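Trainee: One structure coming up, written as structure tokens, with questions to follow.
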Amino acid sequence: MSNRSAVFGGAGFIGTNLVYQLIEDGQQVFNFDNLSGLGNLLNIAELMQQSRHSFVRCDISNPEEIRQALLMAAADTIYFCITPKNPEEESSLENFRTFFETVKEWRNGMADTKLHKIVVVVSEHYKLLGTYGKMYAGLLKLLDSYASDGLPISSLLVPPAFGPFQQPDSPISMIIYRAIEGETIPVVNPEEKVSDLVYVKDVVDAIVLVEKNGKIGGHYHLTGTTSSMSNIEVADVICDSLNEALPPPVGRYQALIEEVTTSLIASDISKDESALTILGLQNKTSLGEALKKTVSWYLNNPRWYNQSRTRFFYLWQNPETVLKIA
């Protein structure tokens, strides 16, 4: 494993969890994020005084900022944890192309660079919205082209994740926010079985595994947690955890649930699975256990939660923007 790591997107959801783990593992971590999306300085507030953590704003659309970040970090490993904001747009990968082109030029111009691995983490978050396949296919081709040019790239495709530091931009976090705030909890297609969800701590373990054992040019896929739970059962587990730890003034949180039946989202995901190597983890967290751990984390971090509920007020107040309820 490397000693110096650069994490681009390190104040976002997956990036933040990765940064904490790398520091716990004894890494010197250089954290770069432009804070324009779901990145949040409060995520890494506890790390700001740590000698093994440095944070600098960096926009991956700006080659000069990228070069400065690379020079500053002099990293053994680069972790790229940024997902396109609008994957359906033709230009969604332009910033990615700018980043890797700049890294290639920097590496070619630095004879003594120690860079031995670039791990690109690709989140299937947009799978929940049914729009993803075209962007993903284009990204794989982009990564392959830079790998053939000599960049030591490995990629990891991860299912929609949930857990600590997640803003209310996904169904699990949305349920938690709205329950705590005493708002109705919309559960879409309640009897539909949950699939392809994964606890973010397992995602971080997978990223570290790819850094350690992944082949250059390899594309890996972390499968979701195996579960027989339905959407309504997931909501029930969350509500039970809150009933125990933060009892409502009256009744139970389940009373807030509002079942919504809608047509299934037509997904455009048609990626070639033969291009992926399934990545197995020995001890993947069960869905029930992961849900309880997530609720506990939110309740044990009130300062983070209160700041997040204010900054992302529109998201948890308007669940249709997250859940795509017609």
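By order of appearance in the structure tokens: chains A, B, ..., then residues from 1 within every chain, and ligands from 1 in the order shown.
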Determine, counting only C-alpha atoms, which protein, DNA and RNA residues have an atom within 7 Å of an atom of Asp202 of chain A; residues of the same chain fewer than 4 positions away are not included. Present the result as a list in words.
Mentor: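 Selected residues are Val198, Ala206, Lys284 and Thr285 of chain A.
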Trainee: Under the rule of at most 10 Å, produce a per-residue listing of segment 180-271 of chain A near segment 20-27 of chain A: chain, number, name, the closest pair of atoms, and the distance in Å, as JSON lines, using only C-alpha atoms.
Mentor:
```
{"residue": "A:Lys201", "atom": "CA", "partner": "A:Gln21", "partner_atom": "CA", "distance": 8.9}
{"residue": "A:Val204", "atom": "CA", "partner": "A:Gln21", "partner_atom": "CA", "distance": 7.5}
{"residue": "A:Asp205", "atom": "CA", "partner": "A:Gln21", "partner_atom": "CA", "distance": 8.7}
{"residue": "A:Val208", "atom": "CA", "partner": "A:Leu22", "partner_atom": "CA", "distance": 8.5}
```
Trainee: Output N, CA and C atoms of each residue in that selection to a file, as a tab-separated table (two decimals), in the first residue's frame.
Mentor:
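Result written to part16.tsv:
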```tsv
chain	number	residue	atom	x	y	z
A	201	LYS	N	-18.90	1.67	4.03
A	201	LYS	CA	-17.67	1.11	4.62
A	201	LYS	C	-17.17	-0.08	3.79
A	204	VAL	N	-15.39	1.36	0.76
A	204	VAL	CA	-14.03	1.77	1.09
A	204	VAL	C	-13.10	0.57	1.16
A	205	ASP	N	-13.54	-0.52	1.76
A	205	ASP	CA	-12.73	-1.74	1.81
A	205	ASP	C	-12.40	-2.22	0.39
A	208	VAL	N	-9.71	0.03	-1.28
A	208	VAL	CA	-8.37	-0.30	-0.75
A	208	VAL	C	-7.88	-1.62	-1.36
```
Trainee: As an MDAnalysis selection string, list the residues of segment 82-312 of chain A assigned to alpha helix (DSSP H) by DSSP on the backbone atoms of this structure.
Mentor: chainID A and resid 94:108 133:148 171:180 200:213 231:245 287:300 302:311
Trainee: To one decimal place in Å, what is the distance between atom CA of Ala6 of chain A and atom CA of Met135 of chain A?
Mentor: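 Calculated distance between atom CA of Ala6 of chain A and atom CA of Met135 of chain A is 24.6 Å.
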